[in-house]
$ cat work_38.pdb   # PDB, C-alpha atoms
ATOM      1  CA  MET A   8       0.000   0.000   0.000
ATOM      2  CA  LEU A   9       2.761   2.430   0.928
ATOM      3  CA  SER A  10       4.900   1.600  -2.100
ATOM      4  CA  VAL A  11       2.195   2.708  -4.567
ATOM      5  CA  ASP A  12       0.823   5.702  -2.651
ATOM      6  CA  PRO A  13       1.674   8.995  -4.431
ATOM      7  CA  GLY A  14       2.357  10.776  -1.133
ATOM      8  CA  VAL A  15       4.972   8.338   0.186
ATOM      9  CA  ARG A  16       8.677   9.034  -0.356
ATOM     10  CA  ASN A  17      11.919   7.411   0.819
ATOM     11  CA  LEU A  18      10.260   4.195   1.949
ATOM     12  CA  VAL A  19      12.588   2.023   4.033
ATOM     13  CA  VAL A  20      11.665  -1.478   5.279
ATOM     14  CA  VAL A  21      14.003  -3.332   7.636
ATOM     15  CA  HIS A  22      12.717  -6.878   8.038
ATOM     16  CA  GLY A  23      12.734  -8.305  11.544
ATOM     17  CA  ALA A  24      14.400  -5.241  13.087
ATOM     18  CA  ALA A  25      11.595  -4.209  15.463
ATOM     19  CA  ARG A  26      11.233  -5.488  19.024
ATOM     20  CA  ARG A  27       8.349  -5.199  21.506
ATOM     21  CA  PRO A  28       6.463  -6.173  19.453
ATOM     22  CA  ASP A  29       8.682  -8.161  17.107
ATOM     23  CA  GLY A  30       8.287  -7.378  13.445
ATOM     24  CA  ASP A  31       9.480  -5.175  10.627
ATOM     25  CA  ALA A  32      10.541  -1.557  11.034
ATOM     26  CA  VAL A  33       9.058   0.747   8.397
ATOM     27  CA  GLN A  34      10.081   4.347   7.855
ATOM     28  CA  PHE A  35       8.982   6.787   5.175
ATOM     29  CA  ASP A  36       8.378  10.441   4.395
ATOM     30  CA  LEU A  37       4.773  11.449   3.817
ATOM     31  CA  LEU A  38       3.600  14.573   1.993
ATOM     32  CA  THR A  39       1.135  16.483   4.154
ATOM     33  CA  GLN A  40      -1.606  16.720   1.547
ATOM     34  CA  PHE A  41      -1.694  12.889   1.292
ATOM     35  CA  ALA A  42      -1.353  12.201   5.015
ATOM     36  CA  ASN A  43      -4.956  11.625   6.157
ATOM     37  CA  PRO A  44      -5.891   8.605   3.983
ATOM     38  CA  VAL A  45      -2.486   6.980   4.537
ATOM     39  CA  LEU A  46      -2.697   7.338   8.315
ATOM     40  CA  GLU A  47      -6.286   6.072   8.353
ATOM     41  CA  GLU A  48      -5.193   2.978   6.442
ATOM     42  CA  LEU A  49      -2.239   2.422   8.758
ATOM     43  CA  ARG A  50      -4.501   2.650  11.802
ATOM     44  CA  ALA A  51      -6.779   0.014  10.256
ATOM     45  CA  GLN A  52      -3.824  -2.233   9.402
ATOM     46  CA  ILE A  53      -2.121  -2.106  12.806
ATOM     47  CA  ARG A  54      -5.066  -2.566  15.190
ATOM     48  CA  GLY A  55      -2.944  -2.707  18.334
ATOM     49  CA  ARG A  56      -0.165  -4.881  16.893
ATOM     50  CA  GLY A  57       2.304  -2.028  16.541
ATOM     51  CA  SER A  58       2.540   1.740  16.618
ATOM     52  CA  VAL A  59       2.910   4.716  14.308
ATOM     53  CA  VAL A  60       5.146   7.582  15.389
ATOM     54  CA  ILE A  61       4.711  10.848  13.473
ATOM     55  CA  GLN A  62       7.320  13.580  13.380
ATOM     56  CA  ASN A  63       6.600  16.852  11.631
ATOM     57  CA  PHE A  64       9.298  18.688   9.651
ATOM     58  CA  ASP A  65       9.205  22.338   8.688
ATOM     59  CA  GLY A  66      11.075  21.864   5.424
ATOM     60  CA  ALA A  67      12.857  19.438   3.130
ATOM     61  CA  VAL A  68      15.222  19.578   0.156
ATOM     62  CA  SER A  69      14.442  17.241  -2.751
ATOM     63  CA  GLY A  70      15.158  16.872  -6.441
ATOM     64  CA  PRO A  71      12.660  16.994  -9.327
ATOM     65  CA  GLU A  72      12.374  13.195  -9.343
ATOM     66  CA  ASP A  73      10.972  13.303  -5.785
ATOM     67  CA  GLN A  74       8.235  15.710  -6.871
ATOM     68  CA  GLU A  75       6.753  13.408  -9.484
ATOM     69  CA  GLY A  76       3.033  12.987  -9.013
ATOM     70  CA  THR A  77       2.621  16.039  -6.824
ATOM     71  CA  ALA A  78       1.462  18.378  -9.568
ATOM     72  CA  ASP A  79      -1.988  19.854  -9.541
ATOM     73  CA  PRO A  80      -4.480  17.513 -11.261
ATOM     74  CA  GLU A  81      -5.640  20.400 -13.433
ATOM     75  CA  SER A  82      -2.112  21.185 -14.570
ATOM     76  CA  THR A  83      -1.105  20.057 -18.066
ATOM     77  CA  GLY A  84       2.578  20.616 -17.498
ATOM     78  CA  ASP A  85       5.227  18.093 -16.543
ATOM     79  CA  PRO A  86       4.506  17.113 -12.907
ATOM     80  CA  GLY A  87       8.190  17.009 -12.188
ATOM     81  CA  THR A  88       8.883  20.610 -13.129
ATOM     82  CA  PRO A  89       9.306  23.237 -10.400
ATOM     83  CA  GLU A  90       6.390  25.205 -11.883
ATOM     84  CA  ALA A  91       3.996  22.261 -11.596
ATOM     85  CA  SER A  92       5.221  21.430  -8.100
ATOM     86  CA  ARG A  93       4.755  25.050  -7.043
ATOM     87  CA  ARG A  94       1.169  25.027  -8.338
ATOM     88  CA  ARG A  95       0.462  21.856  -6.339
ATOM     89  CA  HIS A  96       1.819  23.193  -3.068
ATOM     90  CA  ASP A  97       0.362  26.686  -3.336
ATOM     91  CA  GLY A  98      -3.118  25.272  -2.649
ATOM     92  CA  GLU A  99      -4.602  24.707   0.763
ATOM     93  CA  VAL A 100      -3.389  21.611   2.578
ATOM     94  CA  PRO A 101      -5.884  19.791   4.839
ATOM     95  CA  PRO A 102      -5.069  19.385   8.531
ATOM     96  CA  VAL A 103      -3.476  16.083   9.494
ATOM     97  CA  TRP A 104      -6.253  14.892  11.778
ATOM     98  CA  GLU A 105      -4.173  12.287  13.574
ATOM     99  CA  MET A 106      -1.799  15.052  14.695
ATOM    100  CA  VAL A 107      -4.592  17.503  15.525
ATOM    101  CA  GLU A 108      -6.435  14.982  17.666
ATOM    102  CA  SER A 109      -3.215  13.762  19.260
ATOM    103  CA  GLN A 110      -2.392  17.324  20.294
ATOM    104  CA  ILE A 111      -5.871  17.814  21.752
ATOM    105  CA  ARG A 112      -5.757  14.502  23.618
ATOM    106  CA  ALA A 113      -2.354  15.415  25.042
ATOM    107  CA  GLY A 114      -4.020  18.490  26.537
ATOM    108  CA  GLY A 115      -6.653  16.195  28.039
ATOM    109  CA  GLU A 116      -4.259  15.029  30.742
ATOM    110  CA  TYR A 117      -4.656  16.971  33.970
ATOM    111  CA  PRO A 118      -1.628  16.785  36.257
ATOM    112  CA  VAL A 119      -1.258  18.808  39.437
ATOM    113  CA  CYS A 120       0.302  21.687  37.504
ATOM    114  CA  PHE A 121      -2.966  22.143  35.544
ATOM    115  CA  PHE A 122      -4.857  22.964  38.742
ATOM    116  CA  THR A 123      -1.913  24.932  40.137
ATOM    117  CA  LEU A 124      -1.817  27.181  37.074
ATOM    118  CA  LEU A 125      -5.579  27.747  37.258
ATOM    119  CA  ILE A 126      -5.265  28.819  40.903
ATOM    120  CA  ILE A 127      -2.345  31.132  40.140
ATOM    121  CA  ALA A 128      -4.197  32.607  37.141
ATOM    122  CA  GLY A 129      -7.227  33.238  39.352
ATOM    123  CA  LEU A 130      -5.112  35.012  41.968
ATOM    124  CA  ILE A 131      -3.357  37.189  39.390
ATOM    125  CA  GLY A 132      -6.750  38.079  37.938
ATOM    126  CA  ALA A 133      -8.017  38.955  41.417
ATOM    127  CA  VAL A 134      -5.136  41.374  41.947
ATOM    128  CA  GLY A 135      -5.855  42.911  38.552
ATOM    129  CA  ILE A 136      -9.529  43.409  39.426
ATOM    130  CA  LEU A 137      -8.734  44.878  42.851
ATOM    131  CA  THR A 138      -6.196  47.327  41.464
ATOM    132  CA  ASP A 139      -8.083  48.000  38.210
ATOM    133  CA  SER A 140      -5.029  46.776  36.277
ATOM    134  CA  GLN A 141      -5.884  45.471  32.831
ATOM    135  CA  ILE A 142      -2.277  44.352  32.391
ATOM    136  CA  LEU A 143      -2.585  41.942  35.315
ATOM    137  CA  VAL A 144      -5.908  40.624  34.013
ATOM    138  CA  VAL A 145      -4.235  39.880  30.669
ATOM    139  CA  ALA A 146      -1.365  38.215  32.540
ATOM    140  CA  ALA A 147      -3.902  35.945  34.242
ATOM    141  CA  MET A 148      -5.282  34.994  30.837
ATOM    142  CA  VAL A 149      -1.795  34.029  29.656
ATOM    143  CA  VAL A 150      -1.256  31.730  32.652
ATOM    144  CA  GLY A 151      -4.658  29.992  32.452
ATOM    145  CA  PRO A 152      -4.442  26.445  30.953
ATOM    146  CA  GLU A 153      -8.185  25.790  30.773
ATOM    147  CA  TYR A 154      -8.547  25.765  26.977
ATOM    148  CA  SER A 155      -6.775  22.414  26.732
ATOM    149  CA  ALA A 156      -9.499  20.867  28.902
ATOM    150  CA  ILE A 157     -12.215  22.659  26.935
ATOM    151  CA  MET A 158     -10.956  21.303  23.600
ATOM    152  CA  ALA A 159     -10.401  17.805  25.007
ATOM    153  CA  THR A 160     -14.038  17.831  26.134
ATOM    154  CA  ALA A 161     -15.152  19.119  22.725
ATOM    155  CA  LEU A 162     -13.213  16.358  20.963
ATOM    156  CA  GLY A 163     -14.784  13.820  23.309
ATOM    157  CA  ILE A 164     -18.242  15.074  22.302
ATOM    158  CA  ASP A 165     -17.301  14.961  18.621
ATOM    159  CA  LYS A 166     -15.943  11.404  18.946
ATOM    160  CA  ARG A 167     -18.693  10.301  21.361
ATOM    161  CA  ASP A 168     -16.023   9.449  23.915
ATOM    162  CA  ARG A 169     -17.878   9.637  27.225
ATOM    163  CA  HIS A 170     -14.753   9.081  29.296
ATOM    164  CA  ALA A 171     -12.998  12.079  27.733
ATOM    165  CA  VAL A 172     -16.099  14.236  28.229
ATOM    166  CA  ARG A 173     -16.487  13.254  31.880
ATOM    167  CA  HIS A 174     -12.769  13.649  32.509
ATOM    168  CA  GLY A 175     -12.667  17.101  30.907
ATOM    169  CA  LEU A 176     -15.781  18.385  32.658
ATOM    170  CA  ALA A 177     -14.504  17.082  36.012
ATOM    171  CA  ALA A 178     -11.135  18.803  35.496
ATOM    172  CA  LEU A 179     -12.820  22.097  34.565
ATOM    173  CA  THR A 180     -15.220  21.908  37.507
ATOM    174  CA  VAL A 181     -12.525  21.097  40.064
ATOM    175  CA  GLY A 182     -10.019  23.524  38.553
ATOM    176  CA  PHE A 183     -12.338  26.509  38.489
ATOM    177  CA  ALA A 184     -13.717  25.636  41.923
ATOM    178  CA  LEU A 185     -10.187  25.697  43.342
ATOM    179  CA  ALA A 186      -9.458  28.993  41.569
ATOM    180  CA  VAL A 187     -12.645  30.571  42.942
ATOM    181  CA  LEU A 188     -11.919  29.259  46.435
ATOM    182  CA  ALA A 189      -8.366  30.607  46.304
ATOM    183  CA  THR A 190      -9.553  34.072  45.221
ATOM    184  CA  LEU A 191     -12.257  33.981  47.917
ATOM    185  CA  VAL A 192      -9.661  33.306  50.622
ATOM    186  CA  PHE A 193      -7.356  35.917  49.095
ATOM    187  CA  GLY A 194     -10.145  38.493  49.050
ATOM    188  CA  LEU A 195     -11.059  37.779  52.672
ATOM    189  CA  LEU A 196      -7.430  38.200  53.726
ATOM    190  CA  ILE A 197      -7.115  41.504  51.860
ATOM    191  CA  ARG A 198     -10.400  42.730  53.343
ATOM    192  CA  TRP A 199      -9.402  41.657  56.868
ATOM    193  CA  SER A 200      -5.977  43.296  56.583
ATOM    194  CA  GLY A 201      -7.475  46.640  55.504
ATOM    195  CA  ARG A 202      -5.458  46.671  52.271
ATOM    196  CA  THR A 203      -8.433  47.001  49.954
ATOM    197  CA  PRO A 204      -7.766  49.671  47.288
ATOM    198  CA  HIS A 205      -9.827  52.775  47.959
ATOM    199  CA  LEU A 206     -11.614  52.861  44.593
ATOM    200  CA  TYR A 207     -12.625  49.206  44.853
ATOM    201  CA  GLU A 208     -13.936  49.830  48.371
ATOM    202  CA  LEU A 209     -16.036  52.708  47.070
ATOM    203  CA  GLY A 210     -17.572  50.432  44.440
ATOM    204  CA  ILE A 211     -15.701  51.967  41.501
ATOM    205  CA  ARG A 212     -14.826  48.718  39.738
ATOM    206  CA  PRO A 213     -14.713  49.173  35.951
ATOM    207  CA  VAL A 214     -12.889  45.903  35.279
ATOM    208  CA  SER A 215     -15.199  43.936  37.565
ATOM    209  CA  ASP A 216     -18.321  45.546  36.107
ATOM    210  CA  LEU A 217     -17.281  44.483  32.618
ATOM    211  CA  ILE A 218     -16.900  40.880  33.783
ATOM    212  CA  ASN A 219     -19.961  40.340  35.949
ATOM    213  CA  THR A 220     -22.564  41.780  33.568
ATOM    214  CA  PRO A 221     -23.034  39.145  30.851
ATOM    215  CA  ASN A 222     -24.992  40.223  27.791
ATOM    216  CA  VAL A 223     -25.311  39.516  24.090
ATOM    217  CA  PHE A 224     -21.755  40.726  23.524
ATOM    218  CA  SER A 225     -20.519  38.073  25.957
ATOM    219  CA  VAL A 226     -22.110  35.455  23.719
ATOM    220  CA  ILE A 227     -20.565  36.979  20.599
ATOM    221  CA  VAL A 228     -17.073  37.069  22.134
ATOM    222  CA  ALA A 229     -17.368  33.486  23.417
ATOM    223  CA  VAL A 230     -18.456  32.178  20.006
ATOM    224  CA  LEU A 231     -15.683  34.072  18.223
ATOM    225  CA  ALA A 232     -13.136  32.839  20.766
ATOM    226  CA  GLY A 233     -14.287  29.258  20.205
ATOM    227  CA  ILE A 234     -13.960  29.620  16.435
ATOM    228  CA  VAL A 235     -10.500  31.148  16.727
ATOM    229  CA  GLY A 236      -9.405  28.374  19.068
ATOM    230  CA  VAL A 237     -10.550  25.427  16.972
ATOM    231  CA  VAL A 238      -9.240  26.931  13.724
ATOM    232  CA  SER A 239      -5.868  27.699  15.310
ATOM    233  CA  LEU A 240      -5.556  24.106  16.494
ATOM    234  CA  THR A 241      -6.448  22.536  13.162
ATOM    235  CA  GLU A 242      -4.210  24.970  11.290
ATOM    236  CA  SER A 243      -1.328  24.504  13.791
ATOM    237  CA  ARG A 244      -1.279  28.197  14.647
ATOM    238  CA  ALA A 245      -2.010  28.042  18.372
ATOM    239  CA  ASN A 246       0.113  30.445  20.398
ATOM    240  CA  ALA A 247       0.021  32.553  23.545
ATOM    241  CA  LEU A 248      -2.013  35.293  21.828
ATOM    242  CA  ILE A 249      -4.764  32.808  20.955
ATOM    243  CA  GLY A 250      -4.786  31.646  24.572
ATOM    244  CA  VAL A 251      -5.231  35.214  25.800
ATOM    245  CA  PHE A 252      -8.225  35.772  23.532
ATOM    246  CA  ILE A 253      -9.894  32.538  24.639
ATOM    247  CA  SER A 254      -9.221  33.078  28.361
ATOM    248  CA  VAL A 255     -10.843  36.514  28.283
ATOM    249  CA  THR A 256     -14.167  34.792  28.906
ATOM    250  CA  THR A 257     -13.141  32.383  31.678
ATOM    251  CA  ILE A 258     -10.313  33.256  34.090
ATOM    252  CA  PRO A 259     -11.470  36.835  34.875
ATOM    253  CA  ALA A 260     -14.974  35.551  35.643
ATOM    254  CA  ALA A 261     -13.607  32.961  38.085
ATOM    255  CA  SER A 262     -11.472  35.623  39.785
ATOM    256  CA  ASP A 263     -14.416  37.994  40.101
ATOM    257  CA  MET A 264     -16.612  35.262  41.565
ATOM    258  CA  GLY A 265     -14.263  34.751  44.503
ATOM    259  CA  LEU A 266     -13.611  38.449  45.076
ATOM    260  CA  SER A 267     -17.275  39.424  44.896
ATOM    261  CA  ALA A 268     -18.170  36.715  47.404
ATOM    262  CA  ALA A 269     -15.390  37.846  49.731
ATOM    263  CA  TYR A 270     -16.748  41.410  49.742
ATOM    264  CA  GLY A 271     -20.402  40.355  49.974
ATOM    265  CA  SER A 272     -21.282  41.572  46.495
ATOM    266  CA  TRP A 273     -23.661  38.725  45.780
ATOM    267  CA  SER A 274     -25.297  40.136  42.654
ATOM    268  CA  GLU A 275     -21.849  40.584  41.083
ATOM    269  CA  ALA A 276     -20.898  37.065  42.148
ATOM    270  CA  ARG A 277     -24.021  35.687  40.453
ATOM    271  CA  GLY A 278     -23.252  37.639  37.293
ATOM    272  CA  SER A 279     -19.686  36.326  37.191
ATOM    273  CA  THR A 280     -20.914  32.774  37.791
ATOM    274  CA  PHE A 281     -23.333  33.041  34.871
ATOM    275  CA  GLN A 282     -20.587  34.580  32.737
ATOM    276  CA  LEU A 283     -18.234  31.686  33.458
ATOM    277  CA  LEU A 284     -20.816  28.953  32.853
ATOM    278  CA  LEU A 285     -22.118  30.622  29.688
ATOM    279  CA  ASN A 286     -18.689  30.958  28.147
ATOM    280  CA  VAL A 287     -17.360  27.510  29.071
ATOM    281  CA  VAL A 288     -20.478  25.878  27.609
ATOM    282  CA  LEU A 289     -20.248  27.963  24.430
ATOM    283  CA  LEU A 290     -16.533  27.267  24.004
ATOM    284  CA  ILE A 291     -17.094  23.515  24.310
ATOM    285  CA  ALA A 292     -20.087  23.572  21.944
ATOM    286  CA  VAL A 293     -18.332  25.708  19.319
ATOM    287  CA  GLY A 294     -15.225  23.514  19.595
ATOM    288  CA  ALA A 295     -17.180  20.299  19.018
ATOM    289  CA  VAL A 296     -19.188  21.745  16.120
ATOM    290  CA  GLY A 297     -16.085  23.377  14.630
ATOM    291  CA  LEU A 298     -14.131  20.115  14.622
ATOM    292  CA  ARG A 299     -17.028  18.261  12.994
ATOM    293  CA  LEU A 300     -17.584  20.920  10.318
ATOM    294  CA  GLN A 301     -13.913  21.223   9.423
ATOM    295  CA  ARG A 302     -13.517  17.459   9.155
ATOM    296  CA  SER A 303     -16.614  17.223   6.932
ATOM    297  CA  PHE A 304     -15.434  20.122   4.783
ATOM    298  CA  TRP A 305     -11.999  18.632   4.139
ATOM    299  CA  ARG A 306     -13.397  15.131   3.608
ATOM    300  CA  SER A 307     -15.826  16.344   0.954
ATOM    301  CA  ARG A 308     -13.163  18.469  -0.660
ATOM    302  CA  SER A 309     -10.736  15.534  -0.809
ATOM    303  CA  ALA A 310     -13.482  13.323  -2.269
ATOM    304  CA  ARG A 311     -14.170  15.859  -5.025
ATOM    305  CA  ALA A 312     -10.459  16.100  -5.822
ATOM    306  CA  ALA A 313     -10.186  12.299  -5.984
ATOM    307  CA  VAL A 314     -12.941  11.926  -8.595
ATOM    308  CA  ARG A 315     -11.837  14.927 -10.673
ATOM    309  CA  PRO A 316     -10.678  13.590 -14.074
ATOM    310  CA  ARG A 317      -7.000  13.965 -14.814
ATOM    311  CA  PRO A 318      -6.059  15.564 -18.159
ATOM    312  CA  SER A 319      -4.590  13.395 -20.866
ATOM    313  CA  PRO A 320      -0.777  13.508 -21.154
ATOM    314  CA  ASP A 321      -1.320  14.625 -24.769
ATOM    315  CA  ALA A 322      -3.475  17.581 -23.726
TER     316      ALA A 322
END
$ encode --input "work_38.pdb" --output "structure tokens"
Amino acid sequence: MLSVDPGVRNLVVVHGAARRPDGDAVQFDLLTQFANPVLEELRAQIRGRGSVVIQNFDGAVSGPEDQEGTADPESTGDPGTPEASRRRHDGEVPPVWEMVESQIRAGGEYPVCFFTLLIIAGLIGAVGILTDSQILVVAAMVVGPEYSAIMATALGIDKRDRHAVRHGLAALTVGFALAVLATLVFGLLIRWSGRTPHLYELGIRPVSDLINTPNVFSVIVAVLAGIVGVVSLTESRANALIGVFISVTTIPAASDMGLSAAYGSWSEARGSTFQLLLNVVLLIAVGAVGLRLQRSFWRSRSARAAVRPRPSPDA
């Protein structure tokens, strides 16, 4: 199967070289645009009797003979020429779903540091709300690791994996509960010590007011954040900036819940609670729907490309 696939290059088979389990060792380079069907076939072939390890490379140097068969189907030029190869690679390349899902599942593990970072993010956000410091609120968003759990839960819904869904929801519930509890204790200590900033004590809380008053714009931001997050994951463009945008709807709300409770501002605490629940639910829902739609889009597009007639060599 690998020897005739147009996306496979530099195929090496070493018979009897593998151990645990014993068998052949197979190594090859795989062009990204051909990766999904090859990996699906490998998964079906192995079925627990071996493993596939994928390593991504940012670039490669190859001769014209290695580019044969990679030209655009609509091109009438020689597929081995640089011009034809350039036309083939200038198009959009589908996400490699095995790698996308592997990355999401890796974020679905919740060690102690996951909960520690959520607590620290909540405390930094609490300081930012108390001091009316938007910089500190943004810093809390950077620290927050919750989007990994949100996307792992979304993937579990998409794959109908109940264990992943339960695991993700439990991690989010416990993590945010610990963050809220930590900010509650922190707020009580600040209030008891008499160190409450004067403006916050007077009720002048512009940052807090923005967080604990959910409205239609909260829904819009949460949906947009979910779209940005799922697209960045499938396009391998996730970075700290994406995390900041996504966390804008979660970490500050958890921080404000604890602080508002510590100062007896129960209406604000209720607003922050609703804000947090609304946005977590929307992020999970948009993530699950986004993964399903993108997979369907690329599958249908690949199917259309597969049945598109190739031009005659004499054309």
$ atom_distance --input "work_38.pdb" --atom1 "atom CA of A:Phe281" --atom2 "atom CA of A:His170"
26.1 Å
$ residues_around --input "work_38.pdb" --residues "A:Leu37" --least-positions-apart "2" --cutoff "7 Å" --atoms "only C-alpha atoms" --output "ChimeraX atom specification"
/A:14-16,35,39,42
$ residues_around --input "work_38.pdb" --residues "A:Ala268" --least-positions-apart "2" --cutoff "10 Å" --atoms "only C-alpha atoms" --output "list in words"
Val187, Leu188, Thr190, Leu191, Val192, Gly194, Leu195, Asp263, Met264, Gly265, Leu266, Tyr270, Gly271, Ser272, Trp273, Ser274, Glu275, Ala276 and Arg277 of chain A
$ residues_around --input "work_38.pdb" --residues "A:Gln34" --least-positions-apart "2" --cutoff "9 Å" --atoms "all atoms listed in the file" --output "PyMOL selection string"
chain A and resi 17-21+32+36
$ atom_distance --input "work_38.pdb" --atom1 "atom CA of A:Met106" --atom2 "atom CA of A:Phe64"
12.7 Å
$ resolve_selection --input "work_38.pdb" --expression "the PyMOL selection byres ((chain A and resi 174) around 9)" --output "list in words"
Gly115, Glu116, Tyr117, Ala156, Ala159, Thr160, Arg169, His170, Ala171, Val172, Arg173, Gly175, Leu176, Ala177, Ala178 and Leu179 of chain A
$ write_last_selection --input "work_38.pdb" --atoms "C-alpha atoms" --output "mmCIF file, in the frame of the given file"
data_model
loop_
_atom_site.group_PDB
_atom_site.id
_atom_site.type_symbol
_atom_site.label_atom_id
_atom_site.label_comp_id
_atom_site.auth_asym_id
_atom_site.auth_seq_id
_atom_site.Cartn_x
_atom_site.Cartn_y
_atom_site.Cartn_z
ATOM 1 C CA GLY A 115 -6.653 16.195 28.039
ATOM 2 C CA GLU A 116 -4.259 15.029 30.742
ATOM 3 C CA TYR A 117 -4.656 16.971 33.970
ATOM 4 C CA ALA A 156 -9.499 20.867 28.902
ATOM 5 C CA ALA A 159 -10.401 17.805 25.007
ATOM 6 C CA THR A 160 -14.038 17.831 26.134
ATOM 7 C CA ARG A 169 -17.878 9.637 27.225
ATOM 8 C CA HIS A 170 -14.753 9.081 29.296
ATOM 9 C CA ALA A 171 -12.998 12.079 27.733
ATOM 10 C CA VAL A 172 -16.099 14.236 28.229
ATOM 11 C CA ARG A 173 -16.487 13.254 31.880
ATOM 12 C CA GLY A 175 -12.667 17.101 30.907
ATOM 13 C CA LEU A 176 -15.781 18.385 32.658
ATOM 14 C CA ALA A 177 -14.504 17.082 36.012
ATOM 15 C CA ALA A 178 -11.135 18.803 35.496
ATOM 16 C CA LEU A 179 -12.820 22.097 34.565
#
$ closest_residue --input "work_38.pdb" --among "A:Leu46, A:Leu206, A:Val103, A:Val228" --to "A:Gln301" --atoms "only C-alpha atoms"
A:Val103
$ atom_distance --input "work_38.pdb" --atom1 "atom CA of A:Ile258" --atom2 "atom CA of A:Ala128"
6.9 Å
$ closest_residue --input "work_38.pdb" --among "A:Gln110, A:Thr280, A:Ser267, A:Thr123" --to "A:Ser215" --atoms "all atoms listed in the file"
A:Ser267
$ residues_near_point --input "work_38.pdb" --point "(-9.0, 45.1, 50.6)" --cutoff "10 Å" --atoms "all atoms listed in the file" --output "VMD selection string"
chain A and resid 137 to 138 193 to 205 207 to 208 266 269 to 270
$ axis_aligned_box --input "work_38.pdb" --around "stretch 33-43 of chain A" --padding-each-side "5 Å" --output "AutoDock Vina command-line options"
--center_x 2.6 --center_y 8.7 --center_z 4.8 --size_x 25.0 --size_y 26.0 --size_z 17.1
$ closest_residue --input "work_38.pdb" --among "A:Glu47, A:Phe121, A:Leu38, A:Ala189" --to "A:Tyr154" --atoms "only C-alpha atoms"
A:Phe121
$ residues_around --input "work_38.pdb" --residues "A:Val287" --least-positions-apart "3" --cutoff "12 Å" --atoms "all atoms listed in the file" --output "PyMOL selection string"
chain A and resi 153-158+160-161+175-176+179-180+183+225-226+228-230+232-233+253-258+260-261+280-284+290-294
$ decode --input "work_38.pdb" --residues "stretch 274-286 of chain A" --atoms "N, CA and C atoms" --output "PDB file, in the first residue's frame"
ATOM      1  N   SER A 274     -24.774  39.991  44.020  1.00  0.00           N
ATOM      2  CA  SER A 274     -25.297  40.136  42.654  1.00  0.00           C
ATOM      3  C   SER A 274     -24.162  40.062  41.630  1.00  0.00           C
ATOM      4  N   GLU A 275     -23.011  40.672  41.963  1.00  0.00           N
ATOM      5  CA  GLU A 275     -21.849  40.584  41.083  1.00  0.00           C
ATOM      6  C   GLU A 275     -21.324  39.155  41.009  1.00  0.00           C
ATOM      7  N   ALA A 276     -21.349  38.456  42.143  1.00  0.00           N
ATOM      8  CA  ALA A 276     -20.898  37.065  42.148  1.00  0.00           C
ATOM      9  C   ALA A 276     -21.788  36.204  41.257  1.00  0.00           C
ATOM     10  N   ARG A 277     -23.111  36.442  41.324  1.00  0.00           N
ATOM     11  CA  ARG A 277     -24.021  35.687  40.453  1.00  0.00           C
ATOM     12  C   ARG A 277     -23.763  35.995  38.979  1.00  0.00           C
ATOM     13  N   GLY A 278     -23.537  37.272  38.677  1.00  0.00           N
ATOM     14  CA  GLY A 278     -23.252  37.639  37.293  1.00  0.00           C
ATOM     15  C   GLY A 278     -21.986  36.986  36.773  1.00  0.00           C
ATOM     16  N   SER A 279     -20.941  36.956  37.596  1.00  0.00           N
ATOM     17  CA  SER A 279     -19.686  36.326  37.191  1.00  0.00           C
ATOM     18  C   SER A 279     -19.860  34.818  37.015  1.00  0.00           C
ATOM     19  N   THR A 280     -20.657  34.210  37.903  1.00  0.00           N
ATOM     20  CA  THR A 280     -20.914  32.774  37.791  1.00  0.00           C
ATOM     21  C   THR A 280     -21.609  32.459  36.473  1.00  0.00           C
ATOM     22  N   PHE A 281     -22.627  33.248  36.136  1.00  0.00           N
ATOM     23  CA  PHE A 281     -23.333  33.041  34.871  1.00  0.00           C
ATOM     24  C   PHE A 281     -22.400  33.279  33.686  1.00  0.00           C
ATOM     25  N   GLN A 282     -21.552  34.293  33.797  1.00  0.00           N
ATOM     26  CA  GLN A 282     -20.587  34.580  32.737  1.00  0.00           C
ATOM     27  C   GLN A 282     -19.667  33.388  32.499  1.00  0.00           C
ATOM     28  N   LEU A 283     -19.152  32.814  33.579  1.00  0.00           N
ATOM     29  CA  LEU A 283     -18.234  31.686  33.458  1.00  0.00           C
ATOM     30  C   LEU A 283     -18.930  30.472  32.843  1.00  0.00           C
ATOM     31  N   LEU A 284     -20.103  30.116  33.370  1.00  0.00           N
ATOM     32  CA  LEU A 284     -20.816  28.953  32.853  1.00  0.00           C
ATOM     33  C   LEU A 284     -21.206  29.145  31.393  1.00  0.00           C
ATOM     34  N   LEU A 285     -21.704  30.333  31.060  1.00  0.00           N
ATOM     35  CA  LEU A 285     -22.118  30.622  29.688  1.00  0.00           C
ATOM     36  C   LEU A 285     -20.961  30.430  28.718  1.00  0.00           C
ATOM     37  N   ASN A 286     -19.810  30.978  29.084  1.00  0.00           N
ATOM     38  CA  ASN A 286     -18.689  30.958  28.147  1.00  0.00           C
ATOM     39  C   ASN A 286     -18.032  29.589  28.050  1.00  0.00           C
TER      40      ASN A 286
END
